[in-house]
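Enquirer: Next comes the structure file query_24.txt, holding compact mmCIF, C-alpha atoms.
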# COMPACT_ATOMS: atom_id res chain seq x y z
CA MET A 1 -0.98 -28.74 24.03
CA GLU A 2 2.67 -28.57 23.04
CA ALA A 3 4.33 -25.20 23.78
CA SER A 4 5.37 -24.52 20.17
CA LYS A 5 1.92 -25.45 18.86
CA GLU A 6 0.31 -23.19 21.47
CA SER A 7 2.63 -20.36 20.43
CA GLN A 8 1.67 -20.84 16.77
CA VAL A 9 -2.03 -20.77 17.62
CA MET A 10 -1.57 -17.60 19.67
CA GLN A 11 0.34 -15.94 16.82
CA GLN A 12 -2.39 -16.88 14.37
CA ILE A 13 -5.09 -15.49 16.68
CA GLN A 14 -3.12 -12.27 17.14
CA SER A 15 -2.66 -11.94 13.40
CA GLU A 16 -6.38 -12.43 12.77
CA MET A 17 -7.26 -9.91 15.46
CA ASN A 18 -4.88 -7.37 13.93
CA ALA A 19 -6.39 -7.91 10.48
CA ALA A 20 -9.91 -7.46 11.88
CA PHE A 21 -8.86 -4.26 13.67
CA VAL A 22 -7.33 -2.81 10.51
CA GLN A 23 -10.39 -3.72 8.45
CA GLU A 24 -12.76 -2.16 11.00
CA PHE A 25 -10.59 0.94 11.34
CA TYR A 26 -10.53 1.62 7.61
CA GLN A 27 -14.24 0.91 7.29
CA ASN A 28 -14.94 3.51 9.99
CA VAL A 29 -12.57 6.01 8.38
CA ARG A 30 -14.15 5.44 4.98
CA ASP A 31 -17.66 5.92 6.36
CA LYS A 32 -16.79 9.06 8.34
CA CYS A 33 -14.79 10.63 5.53
CA PHE A 34 -17.50 9.81 3.00
CA LYS A 35 -20.09 11.55 5.18
CA ALA A 36 -17.81 14.54 5.68
CA CYS A 37 -16.65 14.92 2.07
CA ILE A 38 -19.38 13.73 -0.28
CA THR A 39 -22.24 16.20 -0.29
CA LYS A 40 -23.72 15.27 -3.67
CA PRO A 41 -23.21 11.57 -4.49
CA GLY A 42 -23.08 10.87 -8.19
CA ALA A 43 -21.60 8.55 -10.78
CA SER A 44 -18.08 9.87 -10.14
CA LEU A 45 -16.15 11.91 -7.60
CA SER A 46 -15.24 15.51 -8.28
CA ASN A 47 -11.67 16.69 -7.82
CA SER A 48 -12.64 18.45 -4.59
CA ASP A 49 -14.35 15.27 -3.31
CA GLN A 50 -11.21 13.25 -4.06
CA GLN A 51 -8.98 15.80 -2.35
CA CYS A 52 -11.23 15.95 0.70
CA LEU A 53 -11.30 12.15 0.99
CA ALA A 54 -7.53 11.90 0.66
CA LYS A 55 -6.92 14.59 3.30
CA CYS A 56 -9.52 13.11 5.64
CA CYS A 57 -8.02 9.62 5.42
CA ASP A 58 -4.52 11.04 5.91
CA ARG A 59 -5.64 12.89 9.04
CA TYR A 60 -7.14 9.72 10.52
CA GLN A 61 -3.99 7.77 9.77
CA GLU A 62 -1.75 10.44 11.32
CA ALA A 63 -3.97 10.69 14.40
CA THR A 64 -3.91 6.92 14.83
CA GLU A 65 -0.12 6.86 14.57
CA ILE A 66 0.18 9.60 17.21
CA VAL A 67 -2.23 7.86 19.58
CA THR A 68 -0.52 4.49 19.08
CA LYS A 69 2.91 5.98 19.71
CA ALA A 70 1.73 7.77 22.85
CA THR A 71 0.02 4.64 24.14
CA LEU A 72 3.14 2.54 23.58
CA GLU A 73 5.31 5.16 25.29
CA MET A 74 2.98 5.33 28.28
CA SER A 75 2.97 1.57 28.61
CA GLY A 76 6.77 1.49 28.42
CA ILE A 77 6.91 -0.65 25.28
CA GLN A 78 8.90 1.89 23.28
What do you get writing this file as structure tokens?

Expert:
Amino acid sequence: MEASKESQVMQQIQSEMNAAFVQEFYQNVRDKCFKACITKPGASLSNSDQQCLAKCCDRYQEATEIVTKATLEMSGIQ
């Protein structure tokens, strides 16, 4: 396989893997936050349910950023 073609294929695979990771991450966050925040499922979310979900998702995002940064620093990438 030609080097440039191989590079393109590898970039496409990496991109697809990243997309799958992001999708799985947010699905897990959504499921965990839903279980933690929604005590009485109904036709709509209460204000407190919405606030809890927003804070929960924000905490997961912040924690992921911290872990990613620390991992990159430990590996010497950043």

Enquirer: Quick one: residues within 10 Å of Ile38 in chain A, all atoms listed in the file, excluding same-chain residues fewer than 2 positions away - as an mmCIF file with C-alpha atoms, keeping the file's coordinate frame?

Expert:
data_model
loop_
_atom_site.group_PDB
_atom_site.id
_atom_site.type_symbol
_atom_site.label_atom_id
_atom_site.label_comp_id
_atom_site.auth_asym_id
_atom_site.auth_seq_id
_atom_site.Cartn_x
_atom_site.Cartn_y
_atom_site.Cartn_z
ATOM 1 C CA CYS A 33 -14.790 10.630 5.530
ATOM 2 C CA PHE A 34 -17.500 9.810 3.000
ATOM 3 C CA LYS A 35 -20.090 11.550 5.180
ATOM 4 C CA ALA A 36 -17.810 14.540 5.680
ATOM 5 C CA LYS A 40 -23.720 15.270 -3.670
ATOM 6 C CA PRO A 41 -23.210 11.570 -4.490
ATOM 7 C CA GLY A 42 -23.080 10.870 -8.190
ATOM 8 C CA LEU A 45 -16.150 11.910 -7.600
ATOM 9 C CA SER A 46 -15.240 15.510 -8.280
ATOM 10 C CA SER A 48 -12.640 18.450 -4.590
ATOM 11 C CA ASP A 49 -14.350 15.270 -3.310
ATOM 12 C CA GLN A 50 -11.210 13.250 -4.060
ATOM 13 C CA CYS A 52 -11.230 15.950 0.700
ATOM 14 C CA LEU A 53 -11.300 12.150 0.990
#

Enquirer: Hey, can I get the axis-aligned box for range 55-68 of chain A? All listed atoms, 6 Å padding on each side, centre and edge lengths in Å to one decimal, as lines of an AutoDock Vina configuration file.

Expert:
center_x = -4.7
center_y = 9.5
center_z = 11.4
size_x = 21.7
size_y = 22.1
size_z = 28.3

Enquirer: What separation in Å, quoted to one decimal, exists between CA of Ser44 in chain A and CA of Asp31 in chain A?

Expert: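 Spanning CA of Ser44 in chain A to CA of Asp31 in chain A is a straight-line distance of 17.0 Å.
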
Enquirer: Excluding same-chain residues fewer than 4 positions from range 61-78 of chain A, what lies within 9 Å of it counting only C-alpha atoms, as a ChimeraX atom specification?

Expert: /A:29,56-57

Enquirer: Go ahead and compute the interatomic distance for CA of Tyr60 in chain A and CA of Cys37 in chain A, in Å to one decimal.

Expert: 13.7 Å

Enquirer: What gap, in Å, lies between CA of Val22 in chain A and CA of Lys5 in chain A?

Expert: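 Distance between the two atoms: 25.8 Å.
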